[in-house]
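Engineer: One structure coming up, written as structure tokens, with questions to follow.
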Amino acid sequence: MYLQRLTISGVRNLDAVDVQLGRGVNVFFGENGSGKTSLLEAVHILSCGRSFRTRNLASVISFSSDRCTCFGLLHQASGGVASVGVSREKGGDFLFKLSGEVVRSAAQLSDTLPVILLNNDSFQLLEGAPAFRRAFVDWGVFHVEHSFRGAWSRFQRCLKHRNSLLRHDRIDRLQMDVWDREFSAAGEMVGHCRERYLERLRPVVETVCRQMGLNLDISLSYNRGWPEGGELNALLREHLPRDQKMGFTHYGPHRADIKVRVDQKPAAEVLSRGQKKIVVTALKIAQGYAFQADNPGRHCLYLIDDLPAELDRSHRKAVASLLQDLGAQVLVTGVDRDELLAGWPHEPFGEQDMRVFHVEHGSVVTA
Ligand SMILES: Nc1ncnc2c1ncn2[C@@H]1O[C@H](COP(=O)(O)OP(=O)(O)O)[C@@H](O)[C@H]1O
Ligand SMILES: [Mg+2]
């Protein structure tokens with residue numbers, strides 16, 4: 001599966017974009033402020049209905065437009081073509097479409113066009129709050145464990161209800177018990193799915209790190225969000241007074257974290273800035289390998305923003321060759337064309353082709 005054609009209108013400073021993409025690597029170069037990140041942002045919105053730059057989608061819409069539209073034609077493994085479209089009016093709601101049919105949930109977009117993003121913010125995976133690491137694991141779990149989706153939305157509903165009950169002056173214990181049971185059942189399931197995924201991801205991360213020339217002992221351990229050995233339902237009951245005082249639920253998978261350690265020490269503390277970039281890149285590439293192992297014949301699309309700023313030339317080469325081996329379609333940006341192409345083998349990209357685009361003052365043209 002790959003994105004064959006991309007059409008964008010009304011997104012930030014971009015003029016109307018209509019490009020045919022190659023199924024291998026697609027290089028977008030241009031000066032700062034030309035619109036490269038906006039182009040990747042549009043593809044990200046197409047893949048999940050969200051921007052990676054802002055929660056406020058209205059700010060993505062061009063100052064001069066009333067709506068933004070992103071549309072993609074996908075070449076599928078079966079040989080068929082599917083389409084995916086997202087549009088949003090200023091002040092209005094999203095409209096998601098798959099092959100012409102309106103769909104309600106952004107999850108259906110992600111199913112159709114799974115995207116992995118690597119940008120300057122990816123650092124947060126090591127340095128940021130636990131929510132970034134949960135989002136990383138949940139991306140993987142979402143795509144491989146189908147029971148996760150139901151458990152996850154059940155859990156979210158319970159968490160919301162439980163937290164709102166906690167803020168009432170008087171708590172109806174019977175009602176609380178019902179929510180607690182459902183909360184625990186869904187929460188335990190979310191935890192198991194994440195643990196199983198990490199189990200599968202660990203050896204892949206090791207291999208990818210080695211292939212990127214990183215000979216460090218990297219370990220990923222999962223902290224599920226409530227004490228080991230403890231039973232979630234019992235903990236909720238036991239700690240109800242504290243939860244009530246705080247006004248939120250203390251234990252559960254919403255508090256989970258993944259500890260990334262290097263030689264037993266926290267990666268965020270011991271690695272150099274450069275090494276962190278390599279580890280984060282390795283984690284994202286490993287995620288692509290794990291995706292493909294669990295979804296035979298399918299690929300995810302990599303969006304890599306400003307690669308030369310992120311990695312030195314030798315590591316860019318390692319990334320290029322891993323992505324080539326993966327057979328993934330890649331959209332990569334950078335300021336300097338030669339710098340970008342130097343990291344990427346210019347020879348035919350296996351059986352896939354490579355395209356180069358120049359982004360200039362919002363217009364995207366084949367270079
Ligand atoms: N809603 C908007 N409408 C029009 N232009 C915008 C909007 N939001 C941001 N911009 C402008 O879009 C330009 C492109 O930004 P960006 O895609 O980040 O460029 P690049 O990644 O090439 O450096 C910036 O100059 C920014 O000021
Ligand atoms: Mg940019």
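For the structure tokens, the naming scheme is as follows: chains receive sequential letters (A, B, ...) according to their order of presentation, residues are indexed from 1 within each chain, and ligands are indexed from 1 in presentation order.
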Please tabulate, as a tab-separated table, the residues of chain A that come within 10 Å of ligand 2, each with its closest pair of atoms and the distance in Å to one decimal, counting only C-alpha atoms and all ligand atoms and ordering rows by chain, then residue number upward.
Structural biologist:
residue	atom	partner	partner_atom_place_in_ligand_line	distance
A:Phe29	CA	ligand 2	1 (Mg)	10.0
A:Gly30	CA	ligand 2	1 (Mg)	9.3
A:Glu31	CA	ligand 2	1 (Mg)	8.9
A:Asn32	CA	ligand 2	1 (Mg)	6.5
A:Gly33	CA	ligand 2	1 (Mg)	6.7
A:Ser34	CA	ligand 2	1 (Mg)	8.1
A:Gly35	CA	ligand 2	1 (Mg)	6.9
A:Lys36	CA	ligand 2	1 (Mg)	5.5
A:Thr37	CA	ligand 2	1 (Mg)	4.1
A:Ser38	CA	ligand 2	1 (Mg)	7.3
A:Leu39	CA	ligand 2	1 (Mg)	9.2
A:Leu40	CA	ligand 2	1 (Mg)	9.0
A:Glu41	CA	ligand 2	1 (Mg)	9.8
A:Asn119	CA	ligand 2	1 (Mg)	9.2
A:Asn120	CA	ligand 2	1 (Mg)	9.6
A:Asp305	CA	ligand 2	1 (Mg)	6.6
A:Asp306	CA	ligand 2	1 (Mg)	6.5
A:Thr333	CA	ligand 2	1 (Mg)	7.8
A:Gly334	CA	ligand 2	1 (Mg)	7.8
A:Val335	CA	ligand 2	1 (Mg)	8.6
Engineer: Save out the residues we just selected, N, CA and C atoms, as a compact mmCIF listing (two decimals), in the first residue's frame.
Structural biologist:
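Listed below is the output, out22.txt:
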# COMPACT_ATOMS: atom_id res chain seq x y z
N PHE A 29 12.45 19.42 -0.76
CA PHE A 29 13.43 20.37 -0.24
C PHE A 29 12.95 21.79 -0.51
N GLY A 30 13.42 22.71 0.30
CA GLY A 30 13.02 24.11 0.13
C GLY A 30 13.46 24.92 1.34
N GLU A 31 13.44 26.24 1.15
CA GLU A 31 13.90 27.13 2.22
C GLU A 31 12.99 27.04 3.45
N ASN A 32 13.50 27.59 4.53
CA ASN A 32 12.66 27.67 5.73
C ASN A 32 11.42 28.48 5.41
N GLY A 33 10.30 28.02 5.91
CA GLY A 33 9.05 28.75 5.70
C GLY A 33 8.41 28.50 4.35
N SER A 34 8.98 27.57 3.55
CA SER A 34 8.42 27.36 2.21
C SER A 34 7.15 26.50 2.26
N GLY A 35 7.00 25.68 3.31
CA GLY A 35 5.77 24.88 3.42
C GLY A 35 6.00 23.38 3.52
N LYS A 36 7.24 22.96 3.78
CA LYS A 36 7.56 21.52 3.82
C LYS A 36 6.85 20.82 4.98
N THR A 37 6.96 21.42 6.16
CA THR A 37 6.31 20.78 7.32
C THR A 37 4.79 20.78 7.13
N SER A 38 4.28 21.85 6.51
CA SER A 38 2.83 21.91 6.29
C SER A 38 2.37 20.76 5.39
N LEU A 39 3.23 20.38 4.43
CA LEU A 39 2.86 19.28 3.54
C LEU A 39 2.79 17.97 4.34
N LEU A 40 3.78 17.75 5.18
CA LEU A 40 3.74 16.53 6.01
C LEU A 40 2.55 16.58 6.98
N GLU A 41 2.27 17.78 7.44
CA GLU A 41 1.14 17.96 8.36
C GLU A 41 -0.17 17.54 7.67
N ASN A 119 10.11 13.61 13.76
CA ASN A 119 10.46 15.03 13.66
C ASN A 119 11.17 15.45 14.94
N ASN A 120 11.40 16.72 15.07
CA ASN A 120 12.13 17.21 16.20
C ASN A 120 11.43 16.89 17.53
N ASP A 305 10.54 14.75 9.03
CA ASP A 305 10.68 16.19 8.84
C ASP A 305 12.09 16.65 9.16
N ASP A 306 12.70 17.30 8.19
CA ASP A 306 14.03 17.90 8.34
C ASP A 306 15.07 16.88 8.81
N THR A 333 11.78 15.62 4.35
CA THR A 333 12.02 17.02 4.01
C THR A 333 13.39 17.47 4.49
N GLY A 334 13.85 18.57 3.93
CA GLY A 334 15.09 19.19 4.36
C GLY A 334 15.28 20.48 3.59
N VAL A 335 16.23 21.30 4.04
CA VAL A 335 16.43 22.59 3.38
C VAL A 335 17.27 22.41 2.13
Engineer: Taking 6 positions as the minimum chain separation for residues in the same chain, which residues sit within 9 Å of Ile45 of chain A when counting only C-alpha atoms? Answer as an MDAnalysis selection string.
Structural biologist: chainID A and resid 51:52 70 86
Engineer: Let's see if you can do this: from backbone DSSP, list all strand (DSSP E) residues in segment 52-124 of chain A, as number ranges by chain.
Structural biologist: A: 67-75, 81-89, 94-98, 101-103, 115-118
Engineer: When you look at segment 133-141 of chain A with a cut-off of 9 Å (counting only C-alpha atoms), what residues show up, excluding the ones that are within fewer than 4 positions of it in the same chain? I need them as a PyMOL selection string.
Structural biologist: chain A and resi 116+124-126+128-129+145-146+148-149+193-194+196-198+254-259+284+287-288+290-291
Engineer: Just write the chosen residues, N, CA and C atoms, as a CSV table (one decimal), in the first residue's frame.
Structural biologist:
chain,number,residue,atom,x,y,z
A,116,ILE,N,3.9,6.8,10.3
A,116,ILE,CA,4.9,7.0,11.4
A,116,ILE,C,5.6,8.3,11.2
A,124,GLN,N,10.6,13.7,22.5
A,124,GLN,CA,9.7,13.6,23.6
A,124,GLN,C,9.5,12.2,24.1
A,125,LEU,N,9.8,11.3,23.1
A,125,LEU,CA,9.7,9.9,23.4
A,125,LEU,C,10.7,9.5,24.6
A,126,LEU,N,11.8,10.1,24.6
A,126,LEU,CA,12.8,9.9,25.7
A,126,LEU,C,12.6,10.9,26.8
A,128,GLY,N,10.2,13.5,27.2
A,128,GLY,CA,8.9,14.1,27.5
A,128,GLY,C,8.1,13.3,28.6
A,129,ALA,N,6.9,13.7,28.8
A,129,ALA,CA,6.0,13.1,29.8
A,129,ALA,C,5.6,11.7,29.3
A,145,GLU,N,-3.3,-5.3,17.7
A,145,GLU,CA,-4.2,-6.1,18.6
A,145,GLU,C,-5.6,-5.5,18.5
A,146,HIS,N,-6.4,-6.3,17.8
A,146,HIS,CA,-7.7,-5.7,17.5
A,146,HIS,C,-8.6,-5.6,18.7
A,148,PHE,N,-7.7,-4.4,21.4
A,148,PHE,CA,-7.3,-3.2,22.1
A,148,PHE,C,-8.3,-2.1,21.9
A,149,ARG,N,-8.8,-2.0,20.7
A,149,ARG,CA,-9.7,-0.8,20.4
A,149,ARG,C,-10.9,-0.7,21.3
A,193,CYS,N,-2.5,-5.9,26.5
A,193,CYS,CA,-2.2,-5.7,25.1
A,193,CYS,C,-0.9,-4.9,25.0
A,194,ARG,N,-0.7,-3.9,25.8
A,194,ARG,CA,0.5,-3.1,25.7
A,194,ARG,C,1.7,-4.0,26.0
A,196,ARG,N,2.1,-7.2,25.7
A,196,ARG,CA,2.3,-8.2,24.6
A,196,ARG,C,3.0,-7.5,23.5
A,197,TYR,N,2.6,-6.3,23.2
A,197,TYR,CA,3.2,-5.5,22.1
A,197,TYR,C,4.7,-5.2,22.4
A,198,LEU,N,4.9,-4.8,23.6
A,198,LEU,CA,6.3,-4.5,23.9
A,198,LEU,C,7.2,-5.7,23.9
A,254,HIS,N,-4.0,4.7,32.4
A,254,HIS,CA,-3.8,6.1,32.0
A,254,HIS,C,-2.6,6.6,32.7
A,255,ARG,N,-2.0,5.9,33.6
A,255,ARG,CA,-0.8,6.4,34.3
A,255,ARG,C,0.4,5.5,33.9
A,256,ALA,N,0.3,4.7,32.9
A,256,ALA,CA,1.4,3.8,32.6
A,256,ALA,C,2.5,4.6,32.0
A,257,ASP,N,3.7,3.9,32.0
A,257,ASP,CA,4.9,4.5,31.3
A,257,ASP,C,5.8,3.4,30.8
A,258,ILE,N,6.6,3.8,29.9
A,258,ILE,CA,7.6,2.9,29.4
A,258,ILE,C,9.0,3.4,29.7
A,259,LYS,N,9.8,2.7,30.5
A,259,LYS,CA,11.1,3.2,30.8
A,259,LYS,C,12.1,2.7,29.8
A,284,LYS,N,11.3,4.2,16.2
A,284,LYS,CA,10.3,4.4,15.1
A,284,LYS,C,10.4,3.4,14.0
A,287,GLN,N,9.2,0.1,15.0
A,287,GLN,CA,7.8,0.1,15.0
A,287,GLN,C,7.2,-0.3,13.6
A,288,GLY,N,7.9,0.2,12.6
A,288,GLY,CA,7.5,-0.1,11.2
A,288,GLY,C,7.7,-1.6,11.0
A,290,ALA,N,7.7,-4.0,13.2
A,290,ALA,CA,6.7,-4.8,14.0
A,290,ALA,C,5.4,-4.7,13.3
A,291,PHE,N,5.0,-3.5,12.7
A,291,PHE,CA,3.8,-3.4,12.0
A,291,PHE,C,3.7,-4.4,10.9
Engineer: Identify all residues of segment 157-328 of chain A in alpha helix (DSSP H) (DSSP on the backbone) and supply them as an MDAnalysis selection string.
Structural biologist: chainID A and resid 157:166 173:211 232:238 240:246 267:270 273:294 307:310 313:326
